[in-house]
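Asks: For reference, the structure I am asking about is given below.
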Amino acid sequence: MRATAFVKGILTSPGQPRRRCHRNPHPGTRQGGAPTRAARLPRTATGMPMAAALVALAAMTLWAAMMGADAAGAGTGSGAGRLAVHFIDVGQGDSILILAPSGKTMLIDGGPADASERLIAYLKEQEVAKIDVLVATHPHADHIGGLVEVLRAFPVGLVVDSGKVHTTATYERFLTLIDQKNIRFRLGRAGDSIDLGPGFAARILHPTEPLPENMNDCSVVVRLEYGKVSFLFTGDAERDAENAMLKSGADLRAAVLKVAHHGSRTSSSPWFLKAAKPAVAVILVGAGNSYGHPHRITLLNLADYTDRVYRTDVDGDVVVTTDGTTFRVDTARGGP
Ligand SMILES: [Zn+2]
């Protein structure tokens with residue numbers, strides 16, 4: 001699927017009227033004003049593309065988790081049967097690097113554009129030579145802003161996108177680069193799975209068609225299960241998305257939860273946390289951000305349902321490594 005052709009289709013399809021996000025919760029995303037070139041593209045005959053084929057996961061496994069925390073240092077890489085998940089401190093935004101035991105790499109979001117230099121340096125430090133799967137949870141600038149430079153800096157095998165169109169120059173640049181570099185592009189929809197090497201896959205739990213109006217609720221939510229240790233990456237999903245996932249009956253249990261929407265009050269409802277039962281929760285959030293993230297109520301809810309909350313504004317980069325039975329958490333600032 002061509003990324004820009006997809007956008008042409010969605011912007012001109014009679015069933016998909018042009019829409020702007022009804023609010024703009026993040027800075028740096030253009031709202032109002034003249035539409036960008038992508039929005040002015042002529043009608044295409046291609047219409048809506050098909051979402052990627054579904055590949056069912058073979059088996060469910062039991063969930064259990066043990067946790068150990070210590071100072072930053074050795075042992076945070078993948079390989080030798082270990083999975084490493086890096087919650088990278090990109091300020092106010094999300095970026096998560098997954099190093100699979102197979103050697104495959106997945107990057108979920110790329111933080112804001114002004115953090116791209118740090119992000120790229122971080123990826124190189126981790127000896128990332130290629131990004132096999134790049135997931136853009138939704139097109140707000142604090143999630144895809146840094147991905148433009150990532151696409152320039154690294155070979156990318158596949159881009160999985162929400163397909164929620166955002167008429168910003170950043171989103172257009174992102175899609176254009178995907179096409180220029182001939183990168184495979186597909187939509188992430190509930191039920192899809194992402195291959196991360198033999199016997200190992202990530203499953204997409206959200207969204208479903210038709211996409212919600214609220215851009216945050218269009219976030220591609222990914223659940224990763226490695227042996228007995230599971231991870232849930234929720235993007236900026238808010239309450240409606242959480243309710244939809246609960247209603248779907250999907251397994252939401254997660255030893256490690258990426259807290260949705262930077263700890264906003266509009267996410268992490270008690271009933272969602274109760275279903276996820278995370279041993280550890282990680283909030284990606286910028287110090288002194290203007291949104292008041294994370295919200296006090298969310299922190300109280302998290303305290304009820306999880307043993308330990310890490311946050312990138314306090315702990316810096318947070319790295320979880322697991323052999324599929326137990327896991328450990330290391331933080332850049334080495335806090336308790
Ligand atoms: Zn965000």
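As shown in the structure tokens, the chain order sets the letters A, B, ...; within each chain, residues go from 1, and ligands are also counted from 1 in the order they appear.
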With a cut-off of 10 Å, could you pull out the residues of chain A touching ligand 1 and give me the nearest pair of atoms for each, distance in Å to one decimal, using only C-alpha atoms and all ligand atoms, ordered by chain and ascending number, as CSV?

Replies:
```
residue,atom,partner,partner_atom_place_in_ligand_line,distance
A:Pro25,CA,ligand 1,1 (Zn),7.9
A:His26,CA,ligand 1,1 (Zn),6.8
A:Pro27,CA,ligand 1,1 (Zn),9.9
A:Gln92,CA,ligand 1,1 (Zn),7.5
A:Gly93,CA,ligand 1,1 (Zn),5.3
A:Asp94,CA,ligand 1,1 (Zn),6.6
A:Asp109,CA,ligand 1,1 (Zn),9.6
A:Gly111,CA,ligand 1,1 (Zn),8.4
A:Pro112,CA,ligand 1,1 (Zn),9.2
A:Thr137,CA,ligand 1,1 (Zn),9.4
A:His138,CA,ligand 1,1 (Zn),8.6
A:Pro139,CA,ligand 1,1 (Zn),9.2
A:His140,CA,ligand 1,1 (Zn),6.6
A:Ala141,CA,ligand 1,1 (Zn),7.8
A:Asp142,CA,ligand 1,1 (Zn),5.3
A:His143,CA,ligand 1,1 (Zn),6.0
A:Ile144,CA,ligand 1,1 (Zn),9.5
A:Asn216,CA,ligand 1,1 (Zn),7.7
A:Ser219,CA,ligand 1,1 (Zn),9.7
A:Gly235,CA,ligand 1,1 (Zn),7.1
A:Asp236,CA,ligand 1,1 (Zn),5.4
A:Ala237,CA,ligand 1,1 (Zn),9.2
A:Ala260,CA,ligand 1,1 (Zn),8.4
A:His261,CA,ligand 1,1 (Zn),5.3
A:His262,CA,ligand 1,1 (Zn),6.4
A:Gly263,CA,ligand 1,1 (Zn),9.8
A:Ser264,CA,ligand 1,1 (Zn),9.4
A:Leu284,CA,ligand 1,1 (Zn),9.0
A:Val285,CA,ligand 1,1 (Zn),8.8
```

Asks: Mind checking DSSP for region 218-325 of chain A and telling me the strand (DSSP E or B) residues as number ranges by chain?

Replies: A: 221-226, 229-233, 256-258, 280-283, 308-311, 318-322

Asks: Generate a file of the selected residues that holds N, CA and C atoms, formatted as a PDB file, in the first residue's frame.

Replies:
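Wrote it out as result33.pdb, contents follow:
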```pdb
ATOM      1  N   VAL A 221      -3.150   0.304  19.530  1.00  0.00           N
ATOM      2  CA  VAL A 221      -2.754  -0.282  20.822  1.00  0.00           C
ATOM      3  C   VAL A 221      -2.155  -1.667  20.554  1.00  0.00           C
ATOM      4  N   VAL A 222      -0.974  -1.885  21.110  1.00  0.00           N
ATOM      5  CA  VAL A 222      -0.233  -3.125  20.835  1.00  0.00           C
ATOM      6  C   VAL A 222      -0.015  -3.887  22.138  1.00  0.00           C
ATOM      7  N   ARG A 223      -0.278  -5.176  22.086  1.00  0.00           N
ATOM      8  CA  ARG A 223       0.037  -6.041  23.240  1.00  0.00           C
ATOM      9  C   ARG A 223       1.101  -7.045  22.811  1.00  0.00           C
ATOM     10  N   LEU A 224       2.105  -7.112  23.640  1.00  0.00           N
ATOM     11  CA  LEU A 224       3.248  -7.978  23.344  1.00  0.00           C
ATOM     12  C   LEU A 224       3.330  -9.009  24.448  1.00  0.00           C
ATOM     13  N   GLU A 225       3.521 -10.253  24.045  1.00  0.00           N
ATOM     14  CA  GLU A 225       3.576 -11.311  25.044  1.00  0.00           C
ATOM     15  C   GLU A 225       4.829 -12.131  24.779  1.00  0.00           C
ATOM     16  N   TYR A 226       5.671 -12.214  25.770  1.00  0.00           N
ATOM     17  CA  TYR A 226       6.881 -13.018  25.616  1.00  0.00           C
ATOM     18  C   TYR A 226       6.920 -13.997  26.782  1.00  0.00           C
ATOM     19  N   VAL A 229       5.495 -13.002  30.313  1.00  0.00           N
ATOM     20  CA  VAL A 229       5.570 -11.559  30.576  1.00  0.00           C
ATOM     21  C   VAL A 229       4.933 -10.800  29.408  1.00  0.00           C
ATOM     22  N   SER A 230       3.988  -9.940  29.733  1.00  0.00           N
ATOM     23  CA  SER A 230       3.268  -9.226  28.679  1.00  0.00           C
ATOM     24  C   SER A 230       3.375  -7.713  28.863  1.00  0.00           C
ATOM     25  N   PHE A 231       3.250  -7.022  27.752  1.00  0.00           N
ATOM     26  CA  PHE A 231       3.354  -5.560  27.728  1.00  0.00           C
ATOM     27  C   PHE A 231       2.134  -5.016  26.987  1.00  0.00           C
ATOM     28  N   LEU A 232       1.654  -3.875  27.446  1.00  0.00           N
ATOM     29  CA  LEU A 232       0.543  -3.221  26.756  1.00  0.00           C
ATOM     30  C   LEU A 232       0.941  -1.776  26.454  1.00  0.00           C
ATOM     31  N   PHE A 233       0.940  -1.435  25.162  1.00  0.00           N
ATOM     32  CA  PHE A 233       1.337  -0.103  24.716  1.00  0.00           C
ATOM     33  C   PHE A 233       0.083   0.594  24.197  1.00  0.00           C
ATOM     34  N   VAL A 256       3.642  -5.143  32.274  1.00  0.00           N
ATOM     35  CA  VAL A 256       4.135  -3.772  32.141  1.00  0.00           C
ATOM     36  C   VAL A 256       3.163  -2.993  31.260  1.00  0.00           C
ATOM     37  N   LEU A 257       2.641  -1.920  31.806  1.00  0.00           N
ATOM     38  CA  LEU A 257       1.687  -1.083  31.075  1.00  0.00           C
ATOM     39  C   LEU A 257       2.330   0.241  30.719  1.00  0.00           C
ATOM     40  N   LYS A 258       2.285   0.595  29.420  1.00  0.00           N
ATOM     41  CA  LYS A 258       2.640   1.953  29.012  1.00  0.00           C
ATOM     42  C   LYS A 258       1.377   2.761  29.256  1.00  0.00           C
ATOM     43  N   VAL A 280       3.875  -3.191  36.799  1.00  0.00           N
ATOM     44  CA  VAL A 280       4.641  -1.964  36.615  1.00  0.00           C
ATOM     45  C   VAL A 280       3.936  -1.104  35.580  1.00  0.00           C
ATOM     46  N   ALA A 281       3.874   0.198  35.848  1.00  0.00           N
ATOM     47  CA  ALA A 281       3.321   1.125  34.864  1.00  0.00           C
ATOM     48  C   ALA A 281       4.391   2.162  34.532  1.00  0.00           C
ATOM     49  N   VAL A 282       4.462   2.534  33.252  1.00  0.00           N
ATOM     50  CA  VAL A 282       5.457   3.529  32.825  1.00  0.00           C
ATOM     51  C   VAL A 282       4.723   4.689  32.162  1.00  0.00           C
ATOM     52  N   ILE A 283       5.010   5.899  32.642  1.00  0.00           N
ATOM     53  CA  ILE A 283       4.419   7.107  32.054  1.00  0.00           C
ATOM     54  C   ILE A 283       5.507   7.844  31.281  1.00  0.00           C
ATOM     55  N   ARG A 308       4.233  -0.421  41.016  1.00  0.00           N
ATOM     56  CA  ARG A 308       5.305   0.566  40.859  1.00  0.00           C
ATOM     57  C   ARG A 308       5.055   1.383  39.602  1.00  0.00           C
ATOM     58  N   VAL A 309       5.186   2.695  39.732  1.00  0.00           N
ATOM     59  CA  VAL A 309       5.027   3.577  38.582  1.00  0.00           C
ATOM     60  C   VAL A 309       6.370   4.243  38.270  1.00  0.00           C
ATOM     61  N   TYR A 310       6.808   4.099  37.049  1.00  0.00           N
ATOM     62  CA  TYR A 310       8.001   4.810  36.583  1.00  0.00           C
ATOM     63  C   TYR A 310       7.536   5.924  35.661  1.00  0.00           C
ATOM     64  N   ARG A 311       8.276   7.018  35.653  1.00  0.00           N
ATOM     65  CA  ARG A 311       7.933   8.124  34.749  1.00  0.00           C
ATOM     66  C   ARG A 311       9.209   8.731  34.188  1.00  0.00           C
ATOM     67  N   VAL A 318      13.546   4.382  30.760  1.00  0.00           N
ATOM     68  CA  VAL A 318      13.182   3.208  31.569  1.00  0.00           C
ATOM     69  C   VAL A 318      13.305   1.985  30.667  1.00  0.00           C
ATOM     70  N   VAL A 319      14.079   1.009  31.100  1.00  0.00           N
ATOM     71  CA  VAL A 319      14.325  -0.175  30.267  1.00  0.00           C
ATOM     72  C   VAL A 319      13.883  -1.429  31.008  1.00  0.00           C
ATOM     73  N   VAL A 320      13.021  -2.197  30.356  1.00  0.00           N
ATOM     74  CA  VAL A 320      12.554  -3.456  30.937  1.00  0.00           C
ATOM     75  C   VAL A 320      13.162  -4.591  30.119  1.00  0.00           C
ATOM     76  N   THR A 321      13.815  -5.518  30.783  1.00  0.00           N
ATOM     77  CA  THR A 321      14.341  -6.695  30.081  1.00  0.00           C
ATOM     78  C   THR A 321      13.713  -7.932  30.680  1.00  0.00           C
ATOM     79  N   THR A 322      13.457  -8.908  29.826  1.00  0.00           N
ATOM     80  CA  THR A 322      12.817 -10.131  30.311  1.00  0.00           C
ATOM     81  C   THR A 322      13.305 -11.358  29.545  1.00  0.00           C
TER      82      THR A 322
END
```

Asks: Write out as a compact mmCIF listing (two decimals) with N, CA and C atoms, in the first residue's frame each polymer residue whose atoms come within 6 Å of Ala279 (chain A), counting only C-alpha atoms; drop sequence neighbours fewer than 2 positions from it.

Replies:
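Resulting contents of part15.txt:
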```txt
# COMPACT_ATOMS: atom_id res chain seq x y z
N ALA A 255 2.02 -7.30 32.38
CA ALA A 255 2.97 -7.12 33.49
C ALA A 255 3.47 -5.68 33.49
N THR A 306 -1.40 -0.96 40.62
CA THR A 306 -0.06 -1.39 40.20
C THR A 306 0.93 -1.23 41.36
N ASP A 307 2.00 -2.00 41.27
CA ASP A 307 2.98 -1.97 42.37
C ASP A 307 3.95 -0.81 42.26
```

Asks: Determine the nearest neighbour of Asp313 (chain A) from the options A:Val150, A:Leu123, A:Val90, A:Ala241, counting only C-alpha atoms.

Replies: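 Smallest separation from Asp313 (chain A) among the options: A:Val90.
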
Asks: From the options A:Arg265, A:Arg82, A:Arg189, A:Arg2, which residue's atoms come nearest to Asp323 (chain A), counting only C-alpha atoms?

Replies: A:Arg82

Asks: Excluding Trp271 (chain A) and its own-chain neighbours fewer than 6 positions away, which residues fall within 12 Å of it when counting only C-alpha atoms? Please give them as a PyMOL selection string.

Replies: chain A and resi 239+242-243+245-247+252+277+301-302+304-305

Asks: So, counting only C-alpha atoms, which residue among A:Asp315, A:Asp217, A:Asp132, A:Glu238 is closest to Ala287 (chain A)?

Replies: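 Looking at the shortest contact to Ala287 (chain A), the residue is A:Asp315.
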
Asks: I'd like to know which residues of region 179-278 of chain A are alpha helix (DSSP H) (by DSSP, run on the backbone); could you write them as a PyMOL selection string?

Replies: chain A and resi 179-180+239-248+270-276

Asks: Restricted to C-alpha atoms, what would the selected residues look like written as a PDB file, in the first residue's frame?

Replies:
```pdb
ATOM      1  CA  ASP A 179       6.626   6.345  -0.208  1.00  0.00           C
ATOM      2  CA  GLN A 180       9.918   7.872  -1.322  1.00  0.00           C
ATOM      3  CA  ARG A 239     -11.749   6.346  27.888  1.00  0.00           C
ATOM      4  CA  ASP A 240     -13.849   5.465  24.830  1.00  0.00           C
ATOM      5  CA  ALA A 241     -10.982   3.428  23.398  1.00  0.00           C
ATOM      6  CA  GLU A 242     -10.441   1.729  26.752  1.00  0.00           C
ATOM      7  CA  ASN A 243     -14.114   0.869  26.938  1.00  0.00           C
ATOM      8  CA  ALA A 244     -14.057  -0.497  23.386  1.00  0.00           C
ATOM      9  CA  MET A 245     -11.111  -2.759  24.252  1.00  0.00           C
ATOM     10  CA  LEU A 246     -12.813  -3.978  27.400  1.00  0.00           C
ATOM     11  CA  LYS A 247     -15.993  -4.673  25.445  1.00  0.00           C
ATOM     12  CA  SER A 248     -14.048  -6.591  22.790  1.00  0.00           C
ATOM     13  CA  PRO A 270     -10.031   2.131  37.153  1.00  0.00           C
ATOM     14  CA  TRP A 271     -11.915  -0.574  35.221  1.00  0.00           C
ATOM     15  CA  PHE A 272      -9.257  -0.599  32.504  1.00  0.00           C
ATOM     16  CA  LEU A 273      -6.440  -0.806  35.055  1.00  0.00           C
ATOM     17  CA  LYS A 274      -8.303  -3.568  36.832  1.00  0.00           C
ATOM     18  CA  ALA A 275      -8.339  -5.586  33.615  1.00  0.00           C
ATOM     19  CA  ALA A 276      -4.688  -4.889  32.815  1.00  0.00           C
TER      20      ALA A 276
END
```

Asks: Can you tell me how far CA of Leu158 (chain A) sits from CA of Ala84 (chain A), in Å to one decimal?

Replies: 19.9 Å

Asks: Show me, as an NGL selection string, the residues that have an atom within 10 Å of His86 (chain A) when counting only C-alpha atoms, minus same-chain residues fewer than 3 positions from it.

Replies: :A and (76-77 or 89 or 95-99 or 107 or 122-123 or 126 or 317-321 or 329-331)

Asks: Dump N, CA and C atoms for the selected residues as a PDB file, in the first residue's frame?

Replies:
```pdb
ATOM      1  N   THR A  76      20.782  -4.594  29.715  1.00  0.00           N
ATOM      2  CA  THR A  76      19.543  -4.026  29.204  1.00  0.00           C
ATOM      3  C   THR A  76      19.346  -4.277  27.716  1.00  0.00           C
ATOM      4  N   GLY A  77      20.193  -5.062  27.122  1.00  0.00           N
ATOM      5  CA  GLY A  77      20.033  -5.359  25.703  1.00  0.00           C
ATOM      6  C   GLY A  77      19.166  -6.582  25.491  1.00  0.00           C
ATOM      7  N   ASP A  89      13.172   8.554  27.008  1.00  0.00           N
ATOM      8  CA  ASP A  89      12.808   9.892  27.464  1.00  0.00           C
ATOM      9  C   ASP A  89      12.943  10.872  26.303  1.00  0.00           C
ATOM     10  N   SER A  95       8.065   7.417  22.833  1.00  0.00           N
ATOM     11  CA  SER A  95       8.881   6.619  21.924  1.00  0.00           C
ATOM     12  C   SER A  95       9.345   5.377  22.668  1.00  0.00           C
ATOM     13  N   ILE A  96       9.056   4.224  22.069  1.00  0.00           N
ATOM     14  CA  ILE A  96       9.358   2.949  22.726  1.00  0.00           C
ATOM     15  C   ILE A  96      10.077   2.050  21.724  1.00  0.00           C
ATOM     16  N   LEU A  97      11.228   1.589  22.126  1.00  0.00           N
ATOM     17  CA  LEU A  97      12.030   0.698  21.278  1.00  0.00           C
ATOM     18  C   LEU A  97      11.927  -0.717  21.821  1.00  0.00           C
ATOM     19  N   ILE A  98      11.602  -1.653  20.929  1.00  0.00           N
ATOM     20  CA  ILE A  98      11.493  -3.058  21.330  1.00  0.00           C
ATOM     21  C   ILE A  98      12.558  -3.849  20.581  1.00  0.00           C
ATOM     22  N   LEU A  99      13.430  -4.488  21.342  1.00  0.00           N
ATOM     23  CA  LEU A  99      14.481  -5.330  20.759  1.00  0.00           C
ATOM     24  C   LEU A  99      14.091  -6.773  21.026  1.00  0.00           C
ATOM     25  N   LEU A 107       9.835   0.004  16.662  1.00  0.00           N
ATOM     26  CA  LEU A 107       9.774   1.308  17.315  1.00  0.00           C
ATOM     27  C   LEU A 107       8.328   1.768  17.316  1.00  0.00           C
ATOM     28  N   TYR A 122      20.099   7.694  20.644  1.00  0.00           N
ATOM     29  CA  TYR A 122      19.761   6.574  21.533  1.00  0.00           C
ATOM     30  C   TYR A 122      19.683   5.266  20.742  1.00  0.00           C
ATOM     31  N   LEU A 123      19.027   5.327  19.601  1.00  0.00           N
ATOM     32  CA  LEU A 123      18.880   4.113  18.785  1.00  0.00           C
ATOM     33  C   LEU A 123      20.250   3.613  18.326  1.00  0.00           C
ATOM     34  N   GLN A 126      22.068   1.843  20.957  1.00  0.00           N
ATOM     35  CA  GLN A 126      21.562   0.474  21.132  1.00  0.00           C
ATOM     36  C   GLN A 126      21.924  -0.420  19.943  1.00  0.00           C
ATOM     37  N   ASP A 317      15.210   7.500  30.935  1.00  0.00           N
ATOM     38  CA  ASP A 317      14.860   6.310  30.149  1.00  0.00           C
ATOM     39  C   ASP A 317      14.580   5.137  31.092  1.00  0.00           C
ATOM     40  N   VAL A 318      13.546   4.382  30.760  1.00  0.00           N
ATOM     41  CA  VAL A 318      13.182   3.208  31.569  1.00  0.00           C
ATOM     42  C   VAL A 318      13.305   1.985  30.667  1.00  0.00           C
ATOM     43  N   VAL A 319      14.079   1.009  31.100  1.00  0.00           N
ATOM     44  CA  VAL A 319      14.325  -0.175  30.267  1.00  0.00           C
ATOM     45  C   VAL A 319      13.883  -1.429  31.008  1.00  0.00           C
ATOM     46  N   VAL A 320      13.021  -2.197  30.356  1.00  0.00           N
ATOM     47  CA  VAL A 320      12.554  -3.456  30.937  1.00  0.00           C
ATOM     48  C   VAL A 320      13.162  -4.591  30.119  1.00  0.00           C
ATOM     49  N   THR A 321      13.815  -5.518  30.783  1.00  0.00           N
ATOM     50  CA  THR A 321      14.341  -6.695  30.081  1.00  0.00           C
ATOM     51  C   THR A 321      13.713  -7.932  30.680  1.00  0.00           C
ATOM     52  N   VAL A 329      13.720  -3.994  35.781  1.00  0.00           N
ATOM     53  CA  VAL A 329      13.565  -2.632  35.298  1.00  0.00           C
ATOM     54  C   VAL A 329      14.822  -1.853  35.647  1.00  0.00           C
ATOM     55  N   ASP A 330      15.375  -1.175  34.674  1.00  0.00           N
ATOM     56  CA  ASP A 330      16.523  -0.288  34.900  1.00  0.00           C
ATOM     57  C   ASP A 330      16.129   1.113  34.486  1.00  0.00           C
ATOM     58  N   THR A 331      16.584   2.089  35.230  1.00  0.00           N
ATOM     59  CA  THR A 331      16.282   3.471  34.865  1.00  0.00           C
ATOM     60  C   THR A 331      17.576   4.245  34.680  1.00  0.00           C
TER      61      THR A 331
END
```
